[in-house]
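Notes follow the structure.
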Amino acid sequence: MPAPRSSSAARRGGKATNIPQVSWREPRPAPIVLVSGPEEICAERAIAGVRAYLRAEDPALEVSDLRADDYESGSLLALASPSLFGEPRLLRISGVERCTDAFLAEAVAYLEHPQEGATVVLRHTGATVRGKKLLDAVRAGTGGGIEIACPAIKRDDEKADFVAGEFRAAGRRVAPQALRALVSAFSDDITELAAACQQLITDVQGDVTPELVERYYGGRVEVSAFVVADTAIAGRLGEALVALRHALASGADPVPMVAAFAMKLRSMARVAGSRESNAALAARLGMKDWQVDRARRDLRGWNERTLGLAIQATARADADVKGAARDPIFALERMITVIATRAPYGEAPAGAR
C-alpha cells in the first residue's frame with residue numbers, strides 16, 4: 001500500500017495540515033479519521049474501507065454510529081471506552097458540519113486523550129464552517145489522526161478520472177471511448193456512475209469496450225459533442241452529420257460543440273511530431289497518458305496541412321456560433337465537412353440543410 005502523504009507543509013483548502021492525507025481508495029484506520037468533503041460516494045467508500053480493514057484484523061469489532069447534530073452528552077466517551085472483553089471499537093460519527101455545542105466540546109476534549117483500541121471516524125461534508133475548532137485540532141495532529149479528503153467531482157475530466165480509477169482498482173482496462181460514453185450516460189449522478197462501473201466490472205470479462213457500454217447503457221448515452229468530434233476527425237462525414245443532428249435534437253448547444261472540437265484538435269496539435277513515450281509526453285504537457293494515446297490515434301491520416309485547415313475551420317466556426325454569422329447550425333455543418341473531408345471550405349454537405 002502506498003504511504004500516505006504527510007508533511008507539516010502539506011496544505012488542504014489553503015490551510016496547513018500536520019496529519020497524513022490518505023486516498024479514499026486506500027483507507028486505513030487511525031485513532032481519529034477525518035473524512036472531509038462533499039462527495040458522498042467517496043466518503044462512503046472510505047468509511048466502509050476503514051471498517052473492512054478493522055474487521056479483517058479482528059472479527060469481534062464493535063461498530064457504533066452517532067450523529068453529531070443530535071448528540072447526547074457523554075455518548076462519545078461511553079462508546080469509545082473499552083468494554084469488559086476489550087474488543088476493538090469503531091465509532092462512525094456523521095453530521096459533524098452541524099454538530100451541537102455539547103459534541104464539539106466533548107470531541108475536542110477527546111482528542112487530548114483518545115481511547116486505546118478505538119477508531120473514531122468524523123464525517124464532515126464541508127457544507128458549513130461549524131466544527132472548525134475540531135477540524136483545526138485534528139489537522140494540527142492532536143489525537144494522532146489522518147484525513148481522507150473527498151472533494152466534489154464535477155468537471156468531465158474529474159468524472160473521467162473517477163471512472164478510470166474504478167477500473168484500475170479492479171485491475172481492468174476500459175477503452176477511452178467506453179470511458180467517455182459512461183461519463184456521458186451518468187454525468188448528473190456520480191453514485192449511478194459508480195454503480196454502472198461496478199456492474200460492468202462484475203458482469204463483464206476482459207476489457208470494457210464502447211460496444212459493451214452501448215449494450216448495457218445505450219438507452220442512456222446521449223450523443224455528445226465529443227461523439228460528433230470523434231466521428232468527424234475519423235473522416236466519417238455522413239456519420240458525423242447524423243450524430244450532429246441527434247445532438248442538436250437532444251438540446252446540445254453549438255458553442256460547447258465547437259469547444260469540444262477545439263479541445264481535441266488542440267490535443268492533436270500538441271502531440272504531433274513528438275517521438276516521446278506517452279508517459280513522458282503526458283508528464284511534460286500536463287496531460288493524462290490516455291489523453292496522449294487518444295490524440296496520437298486521432299492523428300492517423302492527418303498531416304500538418306490538414307490539421308492546420310481543421311484548426312482554422314474551428315476558429316471560424318467558433319466566431320460564427322458566437323454571433324458572427326446568422327446560422328450557427330450551418331457553421332457547424334461547414335466545420336464538420338472541412339474536418340471530415342480534410343478539405344478547404346466548400347459547399348455545405350448535400351442534404352445537410
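As shown in the C-alpha cells, the chain order sets the letters A, B, ...; within each chain, residues go from 1, and ligands are also counted from 1 in the order they appear.
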
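Near Glu72 in chain A, within 8 Å and counting only C-alpha atoms, sit Ser75, Ala102 and Phe103 of chain A; same-chain residues fewer than 3 positions away were not included.
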
Proximity check range 115-164 of chain A to range 192-212 of chain A, 12 Å, nearest pairs one decimal Å, only C-alpha atoms, as a tab-separated table:
residue	atom	partner	partner_atom	distance
A:Ile153	CA	A:Leu193	CA	11.3
A:Lys159	CA	A:Leu193	CA	8.7
A:Ala160	CA	A:Leu193	CA	10.3
A:Asp161	CA	A:Ala194	CA	11.8
A:Phe162	CA	A:Ala194	CA	8.3
A:Val163	CA	A:Cys197	CA	7.0
A:Ala164	CA	A:Cys197	CA	9.4

Counting only C-alpha atoms, what is within 10 Å of Ser64 in chain A, bar same-chain residues fewer than 5 positions away, as a ChimeraX atom specification? /A:76,79-80,89-93,120

6 Å contact set for range 30-45 of chain A, only C-alpha atoms, chain neighbours under 3 positions out, as a PDB file with all heavy atoms, in the first residue's frame:
ATOM      1  N   ALA A  48     -16.432   2.663   4.671  1.00  0.00           N
ATOM      2  CA  ALA A  48     -16.588   1.211   4.545  1.00  0.00           C
ATOM      3  C   ALA A  48     -15.236   0.523   4.504  1.00  0.00           C
ATOM      4  O   ALA A  48     -15.061  -0.581   5.049  1.00  0.00           O
ATOM      5  CB  ALA A  48     -17.391   0.880   3.293  1.00  0.00           C
ATOM      6  N   GLY A  49     -14.250   1.170   3.866  1.00  0.00           N
ATOM      7  CA  GLY A  49     -12.915   0.598   3.790  1.00  0.00           C
ATOM      8  C   GLY A  49     -12.234   0.523   5.146  1.00  0.00           C
ATOM      9  O   GLY A  49     -11.546  -0.454   5.464  1.00  0.00           O
ATOM     10  N   THR A 119     -11.317   3.513  17.078  1.00  0.00           N
ATOM     11  CA  THR A 119     -11.160   4.307  15.866  1.00  0.00           C
ATOM     12  C   THR A 119     -12.397   5.180  15.733  1.00  0.00           C
ATOM     13  O   THR A 119     -13.526   4.663  15.655  1.00  0.00           O
ATOM     14  CB  THR A 119     -11.027   3.414  14.616  1.00  0.00           C
ATOM     15  OG1 THR A 119      -9.845   2.626  14.719  1.00  0.00           O
ATOM     16  CG2 THR A 119     -10.968   4.252  13.349  1.00  0.00           C
ATOM     17  N   VAL A 120     -12.203   6.479  15.730  1.00  0.00           N
ATOM     18  CA  VAL A 120     -13.313   7.422  15.632  1.00  0.00           C
ATOM     19  C   VAL A 120     -13.276   8.075  14.256  1.00  0.00           C
ATOM     20  O   VAL A 120     -12.293   8.736  13.905  1.00  0.00           O
ATOM     21  CB  VAL A 120     -13.244   8.494  16.738  1.00  0.00           C
ATOM     22  CG1 VAL A 120     -14.357   9.537  16.545  1.00  0.00           C
ATOM     23  CG2 VAL A 120     -13.350   7.854  18.113  1.00  0.00           C
ATOM     24  N   VAL A 121     -14.334   7.864  13.475  1.00  0.00           N
ATOM     25  CA  VAL A 121     -14.436   8.446  12.144  1.00  0.00           C
ATOM     26  C   VAL A 121     -15.349   9.663  12.218  1.00  0.00           C
ATOM     27  O   VAL A 121     -16.514   9.551  12.623  1.00  0.00           O
ATOM     28  CB  VAL A 121     -15.000   7.433  11.122  1.00  0.00           C
ATOM     29  CG1 VAL A 121     -15.185   8.107   9.759  1.00  0.00           C
ATOM     30  CG2 VAL A 121     -14.071   6.238  10.998  1.00  0.00           C
ATOM     31  N   LEU A 122     -14.828  10.817  11.848  1.00  0.00           N
ATOM     32  CA  LEU A 122     -15.587  12.064  11.840  1.00  0.00           C
ATOM     33  C   LEU A 122     -15.937  12.415  10.402  1.00  0.00           C
ATOM     34  O   LEU A 122     -15.044  12.651   9.583  1.00  0.00           O
ATOM     35  CB  LEU A 122     -14.761  13.193  12.455  1.00  0.00           C
ATOM     36  CG  LEU A 122     -14.281  12.988  13.897  1.00  0.00           C
ATOM     37  CD1 LEU A 122     -13.308  14.093  14.282  1.00  0.00           C
ATOM     38  CD2 LEU A 122     -15.465  12.960  14.851  1.00  0.00           C
ATOM     39  N   ARG A 123     -17.215  12.440  10.082  1.00  0.00           N
ATOM     40  CA  ARG A 123     -17.651  12.782   8.717  1.00  0.00           C
ATOM     41  C   ARG A 123     -18.092  14.229   8.677  1.00  0.00           C
ATOM     42  O   ARG A 123     -19.091  14.602   9.293  1.00  0.00           O
ATOM     43  CB  ARG A 123     -18.793  11.846   8.299  1.00  0.00           C
ATOM     44  CG  ARG A 123     -19.408  12.205   6.941  1.00  0.00           C
ATOM     45  CD  ARG A 123     -18.460  11.903   5.797  1.00  0.00           C
ATOM     46  NE  ARG A 123     -19.036  12.298   4.511  1.00  0.00           N
ATOM     47  CZ  ARG A 123     -18.564  13.281   3.764  1.00  0.00           C
ATOM     48  NH1 ARG A 123     -17.510  13.991   4.152  1.00  0.00           N
ATOM     49  NH2 ARG A 123     -19.132  13.566   2.613  1.00  0.00           N
ATOM     50  N   HIS A 124     -17.344  15.047   7.937  1.00  0.00           N
ATOM     51  CA  HIS A 124     -17.641  16.477   7.787  1.00  0.00           C
ATOM     52  C   HIS A 124     -17.715  16.791   6.301  1.00  0.00           C
ATOM     53  O   HIS A 124     -16.732  16.650   5.583  1.00  0.00           O
ATOM     54  CB  HIS A 124     -16.544  17.317   8.452  1.00  0.00           C
ATOM     55  CG  HIS A 124     -16.903  18.756   8.633  1.00  0.00           C
ATOM     56  ND1 HIS A 124     -17.115  19.622   7.584  1.00  0.00           N
ATOM     57  CD2 HIS A 124     -17.103  19.493   9.770  1.00  0.00           C
ATOM     58  CE1 HIS A 124     -17.420  20.819   8.046  1.00  0.00           C
ATOM     59  NE2 HIS A 124     -17.416  20.774   9.368  1.00  0.00           N
ATOM     60  N   THR A 125     -18.889  17.213   5.828  1.00  0.00           N
ATOM     61  CA  THR A 125     -19.082  17.444   4.394  1.00  0.00           C
ATOM     62  C   THR A 125     -18.457  18.748   3.915  1.00  0.00           C
ATOM     63  O   THR A 125     -18.330  18.959   2.708  1.00  0.00           O
ATOM     64  CB  THR A 125     -20.575  17.478   4.039  1.00  0.00           C
ATOM     65  OG1 THR A 125     -21.192  18.606   4.686  1.00  0.00           O
ATOM     66  CG2 THR A 125     -21.274  16.191   4.488  1.00  0.00           C
ATOM     67  N   GLY A 126     -18.122  19.627   4.855  1.00  0.00           N
ATOM     68  CA  GLY A 126     -17.585  20.927   4.451  1.00  0.00           C
ATOM     69  C   GLY A 126     -18.661  21.905   4.053  1.00  0.00           C
ATOM     70  O   GLY A 126     -18.359  23.003   3.573  1.00  0.00           O
ATOM     71  N   GLY A 145      -4.466  11.759  14.261  1.00  0.00           N
ATOM     72  CA  GLY A 145      -5.430  11.469  13.204  1.00  0.00           C
ATOM     73  C   GLY A 145      -4.850  11.447  11.801  1.00  0.00           C
ATOM     74  O   GLY A 145      -3.672  11.746  11.573  1.00  0.00           O
ATOM     75  N   ILE A 146      -5.703  11.069  10.878  1.00  0.00           N
ATOM     76  CA  ILE A 146      -5.430  11.151   9.452  1.00  0.00           C
ATOM     77  C   ILE A 146      -6.633  11.824   8.796  1.00  0.00           C
ATOM     78  O   ILE A 146      -7.706  11.915   9.396  1.00  0.00           O
ATOM     79  CB  ILE A 146      -5.201   9.762   8.808  1.00  0.00           C
ATOM     80  CG1 ILE A 146      -6.468   8.896   8.934  1.00  0.00           C
ATOM     81  CG2 ILE A 146      -3.987   9.072   9.419  1.00  0.00           C
ATOM     82  CD1 ILE A 146      -6.370   7.565   8.194  1.00  0.00           C
ATOM     83  N   GLU A 147      -6.459  12.292   7.571  1.00  0.00           N
ATOM     84  CA  GLU A 147      -7.577  12.899   6.841  1.00  0.00           C
ATOM     85  C   GLU A 147      -7.758  12.198   5.507  1.00  0.00           C
ATOM     86  O   GLU A 147      -6.789  11.943   4.789  1.00  0.00           O
ATOM     87  CB  GLU A 147      -7.352  14.391   6.617  1.00  0.00           C
ATOM     88  CG  GLU A 147      -8.521  15.061   5.896  1.00  0.00           C
ATOM     89  CD  GLU A 147      -8.434  16.577   5.889  1.00  0.00           C
ATOM     90  OE1 GLU A 147      -7.381  17.125   6.282  1.00  0.00           O
ATOM     91  OE2 GLU A 147      -9.422  17.220   5.490  1.00  0.00           O
ATOM     92  N   ILE A 148      -9.007  11.896   5.198  1.00  0.00           N
ATOM     93  CA  ILE A 148      -9.369  11.324   3.899  1.00  0.00           C
ATOM     94  C   ILE A 148     -10.256  12.346   3.201  1.00  0.00           C
ATOM     95  O   ILE A 148     -11.405  12.550   3.587  1.00  0.00           O
ATOM     96  CB  ILE A 148     -10.108   9.978   4.054  1.00  0.00           C
ATOM     97  CG1 ILE A 148      -9.241   8.983   4.827  1.00  0.00           C
ATOM     98  CG2 ILE A 148     -10.486   9.426   2.688  1.00  0.00           C
ATOM     99  CD1 ILE A 148      -9.920   7.652   5.095  1.00  0.00           C
ATOM    100  N   ALA A 149      -9.700  13.033   2.226  1.00  0.00           N
ATOM    101  CA  ALA A 149     -10.426  14.095   1.534  1.00  0.00           C
ATOM    102  C   ALA A 149     -11.284  13.524   0.417  1.00  0.00           C
ATOM    103  O   ALA A 149     -10.846  12.664  -0.344  1.00  0.00           O
ATOM    104  CB  ALA A 149      -9.447  15.119   0.972  1.00  0.00           C
ATOM    105  N   CYS A 150     -12.516  14.019   0.316  1.00  0.00           N
ATOM    106  CA  CYS A 150     -13.467  13.576  -0.705  1.00  0.00           C
ATOM    107  C   CYS A 150     -14.027  14.808  -1.414  1.00  0.00           C
ATOM    108  O   CYS A 150     -15.199  15.174  -1.207  1.00  0.00           O
ATOM    109  CB  CYS A 150     -14.591  12.762  -0.071  1.00  0.00           C
ATOM    110  SG  CYS A 150     -14.031  11.326   0.871  1.00  0.00           S
ATOM    111  N   PRO A 151     -13.215  15.486  -2.226  1.00  0.00           N
ATOM    112  CA  PRO A 151     -13.680  16.700  -2.898  1.00  0.00           C
ATOM    113  C   PRO A 151     -14.748  16.389  -3.934  1.00  0.00           C
ATOM    114  O   PRO A 151     -14.869  15.256  -4.414  1.00  0.00           O
ATOM    115  CB  PRO A 151     -12.410  17.238  -3.560  1.00  0.00           C
ATOM    116  CG  PRO A 151     -11.544  16.031  -3.749  1.00  0.00           C
ATOM    117  CD  PRO A 151     -11.836  15.134  -2.583  1.00  0.00           C
ATOM    118  N   ALA A 152     -15.524  17.401  -4.269  1.00  0.00           N
ATOM    119  CA  ALA A 152     -16.595  17.237  -5.243  1.00  0.00           C
ATOM    120  C   ALA A 152     -16.049  16.831  -6.600  1.00  0.00           C
ATOM    121  O   ALA A 152     -14.991  17.303  -7.025  1.00  0.00           O
ATOM    122  CB  ALA A 152     -17.396  18.534  -5.366  1.00  0.00           C
ATOM    123  N   THR A 191     -23.056   8.731  -8.058  1.00  0.00           N
ATOM    124  CA  THR A 191     -23.412   7.450  -7.443  1.00  0.00           C
ATOM    125  C   THR A 191     -23.837   6.443  -8.501  1.00  0.00           C
ATOM    126  O   THR A 191     -23.424   5.277  -8.482  1.00  0.00           O
ATOM    127  CB  THR A 191     -24.536   7.647  -6.412  1.00  0.00           C
ATOM    128  OG1 THR A 191     -24.093   8.562  -5.395  1.00  0.00           O
ATOM    129  CG2 THR A 191     -24.907   6.322  -5.756  1.00  0.00           C
TER     130      THR A 191
END

Let's see if you can do this: from backbone DSSP, list all helix (DSSP H, G or I) residues in range 61-280 of chain A, as a PDB file with C-alpha atoms, in the first residue's frame.
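Just written: selection_0.pdb:
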ATOM      1  CA  SER A  75     -22.055   9.257  24.279  1.00  0.00           C
ATOM      2  CA  LEU A  76     -18.663   9.640  22.608  1.00  0.00           C
ATOM      3  CA  LEU A  77     -16.594   8.598  25.595  1.00  0.00           C
ATOM      4  CA  ALA A  78     -19.036   5.854  26.582  1.00  0.00           C
ATOM      5  CA  LEU A  79     -18.864   4.158  23.186  1.00  0.00           C
ATOM      6  CA  ALA A  80     -15.122   4.668  22.739  1.00  0.00           C
ATOM      7  CA  VAL A  96     -20.087  16.977  12.143  1.00  0.00           C
ATOM      8  CA  GLU A  97     -20.702  20.062   9.974  1.00  0.00           C
ATOM      9  CA  ARG A  98     -23.925  20.573  12.001  1.00  0.00           C
ATOM     10  CA  ASP A 101     -22.068  22.570  21.216  1.00  0.00           C
ATOM     11  CA  ALA A 102     -22.007  19.542  23.506  1.00  0.00           C
ATOM     12  CA  PHE A 103     -20.496  17.315  20.848  1.00  0.00           C
ATOM     13  CA  LEU A 104     -17.951  19.950  19.837  1.00  0.00           C
ATOM     14  CA  ALA A 105     -16.723  20.375  23.402  1.00  0.00           C
ATOM     15  CA  GLU A 106     -16.523  16.642  24.092  1.00  0.00           C
ATOM     16  CA  ALA A 107     -14.886  15.811  20.751  1.00  0.00           C
ATOM     17  CA  VAL A 108     -12.159  18.433  21.238  1.00  0.00           C
ATOM     18  CA  ALA A 109     -11.547  17.088  24.750  1.00  0.00           C
ATOM     19  CA  TYR A 110     -11.469  13.506  23.419  1.00  0.00           C
ATOM     20  CA  LEU A 111      -8.623  14.390  21.031  1.00  0.00           C
ATOM     21  CA  GLU A 112      -6.399  15.043  24.046  1.00  0.00           C
ATOM     22  CA  LYS A 132     -13.973  24.430  12.704  1.00  0.00           C
ATOM     23  CA  LYS A 133     -12.318  24.246  16.124  1.00  0.00           C
ATOM     24  CA  LEU A 134     -12.493  20.453  15.966  1.00  0.00           C
ATOM     25  CA  LEU A 135     -11.212  20.301  12.375  1.00  0.00           C
ATOM     26  CA  ASP A 136      -8.305  22.607  13.210  1.00  0.00           C
ATOM     27  CA  ALA A 137      -7.374  20.449  16.198  1.00  0.00           C
ATOM     28  CA  VAL A 138      -7.496  17.223  14.168  1.00  0.00           C
ATOM     29  CA  ARG A 139      -5.440  18.743  11.360  1.00  0.00           C
ATOM     30  CA  ASP A 156     -15.893  15.943 -17.015  1.00  0.00           C
ATOM     31  CA  ASP A 157     -12.168  15.344 -16.563  1.00  0.00           C
ATOM     32  CA  GLU A 158     -12.746  14.623 -12.856  1.00  0.00           C
ATOM     33  CA  LYS A 159     -15.507  12.165 -13.753  1.00  0.00           C
ATOM     34  CA  ALA A 160     -13.244  10.537 -16.333  1.00  0.00           C
ATOM     35  CA  ASP A 161     -10.511  10.183 -13.703  1.00  0.00           C
ATOM     36  CA  PHE A 162     -13.071   8.654 -11.327  1.00  0.00           C
ATOM     37  CA  VAL A 163     -14.167   6.079 -13.909  1.00  0.00           C
ATOM     38  CA  ALA A 164     -10.573   5.265 -14.837  1.00  0.00           C
ATOM     39  CA  GLY A 165      -9.814   4.775 -11.156  1.00  0.00           C
ATOM     40  CA  GLU A 166     -12.757   2.400 -10.712  1.00  0.00           C
ATOM     41  CA  PHE A 167     -11.481   0.081 -13.427  1.00  0.00           C
ATOM     42  CA  ARG A 168      -7.830   0.467 -12.437  1.00  0.00           C
ATOM     43  CA  ALA A 169      -8.654  -0.512  -8.849  1.00  0.00           C
ATOM     44  CA  PRO A 176     -11.216   5.721 -23.769  1.00  0.00           C
ATOM     45  CA  GLN A 177     -14.415   5.840 -25.860  1.00  0.00           C
ATOM     46  CA  ALA A 178     -16.148   3.498 -23.409  1.00  0.00           C
ATOM     47  CA  LEU A 179     -15.000   5.690 -20.528  1.00  0.00           C
ATOM     48  CA  ARG A 180     -16.347   8.778 -22.256  1.00  0.00           C
ATOM     49  CA  ALA A 181     -19.667   7.062 -23.005  1.00  0.00           C
ATOM     50  CA  LEU A 182     -20.079   6.144 -19.339  1.00  0.00           C
ATOM     51  CA  VAL A 183     -19.402   9.718 -18.254  1.00  0.00           C
ATOM     52  CA  SER A 184     -21.922  10.962 -20.827  1.00  0.00           C
ATOM     53  CA  ALA A 185     -24.585   8.488 -19.708  1.00  0.00           C
ATOM     54  CA  ILE A 190     -21.720  10.148  -9.523  1.00  0.00           C
ATOM     55  CA  THR A 191     -23.412   7.450  -7.443  1.00  0.00           C
ATOM     56  CA  GLU A 192     -25.076   5.996 -10.529  1.00  0.00           C
ATOM     57  CA  LEU A 193     -21.819   6.338 -12.452  1.00  0.00           C
ATOM     58  CA  ALA A 194     -20.018   4.333  -9.767  1.00  0.00           C
ATOM     59  CA  ALA A 195     -22.764   1.693  -9.790  1.00  0.00           C
ATOM     60  CA  ALA A 196     -22.541   1.386 -13.581  1.00  0.00           C
ATOM     61  CA  CYS A 197     -18.779   0.877 -13.391  1.00  0.00           C
ATOM     62  CA  GLN A 198     -19.176  -1.795 -10.724  1.00  0.00           C
ATOM     63  CA  GLN A 199     -21.842  -3.583 -12.758  1.00  0.00           C
ATOM     64  CA  LEU A 200     -19.540  -3.767 -15.761  1.00  0.00           C
ATOM     65  CA  ILE A 201     -16.640  -4.914 -13.585  1.00  0.00           C
ATOM     66  CA  THR A 202     -18.815  -7.677 -12.115  1.00  0.00           C
ATOM     67  CA  ASP A 203     -20.629  -8.787 -15.266  1.00  0.00           C
ATOM     68  CA  PRO A 210     -17.643   1.047 -26.304  1.00  0.00           C
ATOM     69  CA  GLU A 211     -19.831  -1.768 -27.650  1.00  0.00           C
ATOM     70  CA  LEU A 212     -20.301  -3.176 -24.150  1.00  0.00           C
ATOM     71  CA  VAL A 213     -21.251   0.227 -22.747  1.00  0.00           C
ATOM     72  CA  GLU A 214     -23.717   0.671 -25.594  1.00  0.00           C
ATOM     73  CA  ARG A 215     -25.210  -2.756 -24.899  1.00  0.00           C
ATOM     74  CA  TYR A 216     -25.690  -2.041 -21.194  1.00  0.00           C
ATOM     75  CA  TYR A 217     -26.499   1.669 -21.179  1.00  0.00           C
ATOM     76  CA  ALA A 225     -20.193  16.895 -28.658  1.00  0.00           C
ATOM     77  CA  PHE A 226     -17.241  14.514 -28.320  1.00  0.00           C
ATOM     78  CA  VAL A 227     -19.067  11.769 -30.236  1.00  0.00           C
ATOM     79  CA  VAL A 228     -19.624  14.208 -33.102  1.00  0.00           C
ATOM     80  CA  ALA A 229     -15.992  15.314 -32.951  1.00  0.00           C
ATOM     81  CA  ASP A 230     -14.699  11.738 -32.837  1.00  0.00           C
ATOM     82  CA  THR A 231     -16.578  10.710 -35.966  1.00  0.00           C
ATOM     83  CA  ALA A 232     -15.637  13.851 -37.893  1.00  0.00           C
ATOM     84  CA  ILE A 233     -11.949  13.568 -37.004  1.00  0.00           C
ATOM     85  CA  LEU A 237     -18.669  12.670 -42.728  1.00  0.00           C
ATOM     86  CA  GLY A 238     -22.138  11.125 -43.054  1.00  0.00           C
ATOM     87  CA  GLU A 239     -21.996   9.592 -39.583  1.00  0.00           C
ATOM     88  CA  ALA A 240     -20.748  12.862 -38.105  1.00  0.00           C
ATOM     89  CA  LEU A 241     -23.639  14.850 -39.632  1.00  0.00           C
ATOM     90  CA  VAL A 242     -26.190  12.341 -38.344  1.00  0.00           C
ATOM     91  CA  ALA A 243     -24.601  12.496 -34.889  1.00  0.00           C
ATOM     92  CA  LEU A 244     -24.734  16.295 -35.046  1.00  0.00           C
ATOM     93  CA  ARG A 245     -28.465  16.247 -35.763  1.00  0.00           C
ATOM     94  CA  HIS A 246     -29.102  13.851 -32.878  1.00  0.00           C
ATOM     95  CA  ALA A 247     -27.012  16.003 -30.534  1.00  0.00           C
ATOM     96  CA  LEU A 248     -28.848  19.186 -31.512  1.00  0.00           C
ATOM     97  CA  ALA A 249     -32.208  17.438 -31.188  1.00  0.00           C
ATOM     98  CA  PRO A 254     -23.439  24.978 -30.744  1.00  0.00           C
ATOM     99  CA  VAL A 255     -20.887  26.862 -28.610  1.00  0.00           C
ATOM    100  CA  PRO A 256     -19.732  23.905 -26.446  1.00  0.00           C
ATOM    101  CA  MET A 257     -19.984  21.730 -29.566  1.00  0.00           C
ATOM    102  CA  VAL A 258     -17.259  23.815 -31.230  1.00  0.00           C
ATOM    103  CA  ALA A 259     -15.317  23.848 -27.954  1.00  0.00           C
ATOM    104  CA  ALA A 260     -15.204  20.032 -27.999  1.00  0.00           C
ATOM    105  CA  PHE A 261     -13.691  20.088 -31.496  1.00  0.00           C
ATOM    106  CA  ALA A 262     -11.191  22.741 -30.432  1.00  0.00           C
ATOM    107  CA  MET A 263     -10.135  20.700 -27.394  1.00  0.00           C
ATOM    108  CA  LYS A 264      -9.493  17.557 -29.435  1.00  0.00           C
ATOM    109  CA  LEU A 265      -7.653  19.398 -32.217  1.00  0.00           C
ATOM    110  CA  ARG A 266      -5.548  21.261 -29.671  1.00  0.00           C
ATOM    111  CA  SER A 267      -4.507  17.945 -28.088  1.00  0.00           C
ATOM    112  CA  MET A 268      -3.655  16.559 -31.521  1.00  0.00           C
ATOM    113  CA  ALA A 269      -1.530  19.593 -32.346  1.00  0.00           C
ATOM    114  CA  ARG A 270       0.318  19.382 -29.024  1.00  0.00           C
ATOM    115  CA  VAL A 271       1.407  15.757 -29.500  1.00  0.00           C
ATOM    116  CA  ASN A 278       3.056   8.502 -23.879  1.00  0.00           C
ATOM    117  CA  ALA A 279       4.069   8.750 -20.221  1.00  0.00           C
ATOM    118  CA  ALA A 280       6.959  11.157 -20.846  1.00  0.00           C
TER     119      ALA A 280
END

If I take CA of Ile311 in chain A and CA of Gly273 in chain A, how far is one from the other in Å, to one decimal? 16.5 Å

Using only C-alpha atoms, which of the listed residues (A:Ala295, A:Val174, A:Cys99, A:Ala283) sits closest to Gly131 in chain A?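 Using only C-alpha atoms, Gly131 in chain A sits closest to A:Cys99.
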
Going by DSSP on the backbone, which bits of range 62-139 of chain A are strand (DSSP E)? Write them as a VMD selection string, please. chain A and resid 62 to 67 89 to 94 118 to 124

Using only N, CA and C atoms, please write the residues we just selected to a file, as an mmCIF file, in the first residue's frame.
data_model
loop_
_atom_site.group_PDB
_atom_site.id
_atom_site.type_symbol
_atom_site.label_atom_id
_atom_site.label_comp_id
_atom_site.auth_asym_id
_atom_site.auth_seq_id
_atom_site.Cartn_x
_atom_site.Cartn_y
_atom_site.Cartn_z
ATOM 1 N N GLU A 62 -16.524 -3.951 17.358
ATOM 2 C CA GLU A 62 -17.798 -3.340 17.723
ATOM 3 C C GLU A 62 -17.969 -2.058 16.910
ATOM 4 N N VAL A 63 -19.084 -1.926 16.232
ATOM 5 C CA VAL A 63 -19.340 -0.760 15.395
ATOM 6 C C VAL A 63 -20.518 0.021 15.966
ATOM 7 N N SER A 64 -20.331 1.318 16.167
ATOM 8 C CA SER A 64 -21.389 2.182 16.688
ATOM 9 C C SER A 64 -21.506 3.425 15.813
ATOM 10 N N ASP A 65 -22.723 3.962 15.746
ATOM 11 C CA ASP A 65 -22.974 5.161 14.948
ATOM 12 C C ASP A 65 -23.536 6.261 15.839
ATOM 13 N N LEU A 66 -23.045 7.469 15.628
ATOM 14 C CA LEU A 66 -23.531 8.644 16.338
ATOM 15 C C LEU A 66 -23.824 9.753 15.339
ATOM 16 N N ARG A 67 -24.741 10.636 15.729
ATOM 17 C CA ARG A 67 -24.974 11.843 14.942
ATOM 18 C C ARG A 67 -24.519 13.035 15.765
ATOM 19 N N ARG A 89 -13.053 -1.013 18.826
ATOM 20 C CA ARG A 89 -14.282 -0.251 18.599
ATOM 21 C C ARG A 89 -14.124 0.690 17.405
ATOM 22 N N LEU A 90 -15.189 0.792 16.653
ATOM 23 C CA LEU A 90 -15.257 1.754 15.547
ATOM 24 C C LEU A 90 -16.478 2.628 15.763
ATOM 25 N N LEU A 91 -16.264 3.928 15.876
ATOM 26 C CA LEU A 91 -17.353 4.896 16.017
ATOM 27 C C LEU A 91 -17.448 5.715 14.747
ATOM 28 N N ARG A 92 -18.593 5.654 14.094
ATOM 29 C CA ARG A 92 -18.822 6.436 12.873
ATOM 30 C C ARG A 92 -19.740 7.600 13.241
ATOM 31 N N ILE A 93 -19.195 8.801 13.128
ATOM 32 C CA ILE A 93 -19.925 9.994 13.567
ATOM 33 C C ILE A 93 -20.235 10.864 12.356
ATOM 34 N N SER A 94 -21.505 11.039 12.066
ATOM 35 C CA SER A 94 -21.939 11.829 10.905
ATOM 36 C C SER A 94 -22.458 13.187 11.358
ATOM 37 N N ALA A 118 -9.741 2.205 19.980
ATOM 38 C CA ALA A 118 -10.914 2.842 19.366
ATOM 39 C C ALA A 118 -10.505 3.620 18.115
ATOM 40 N N THR A 119 -11.317 3.513 17.078
ATOM 41 C CA THR A 119 -11.160 4.307 15.866
ATOM 42 C C THR A 119 -12.397 5.180 15.733
ATOM 43 N N VAL A 120 -12.203 6.479 15.730
ATOM 44 C CA VAL A 120 -13.313 7.422 15.632
ATOM 45 C C VAL A 120 -13.276 8.075 14.256
ATOM 46 N N VAL A 121 -14.334 7.864 13.475
ATOM 47 C CA VAL A 121 -14.436 8.446 12.144
ATOM 48 C C VAL A 121 -15.349 9.663 12.218
ATOM 49 N N LEU A 122 -14.828 10.817 11.848
ATOM 50 C CA LEU A 122 -15.587 12.064 11.840
ATOM 51 C C LEU A 122 -15.937 12.415 10.402
ATOM 52 N N ARG A 123 -17.215 12.440 10.082
ATOM 53 C CA ARG A 123 -17.651 12.782 8.717
ATOM 54 C C ARG A 123 -18.092 14.229 8.677
ATOM 55 N N HIS A 124 -17.344 15.047 7.937
ATOM 56 C CA HIS A 124 -17.641 16.477 7.787
ATOM 57 C C HIS A 124 -17.715 16.791 6.301
#

Between CA of Gly117 in chain A and CA of Pro88 in chain A, what distance in Å does the model show, to one decimal?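 Those two atoms sit 5.0 Å apart.
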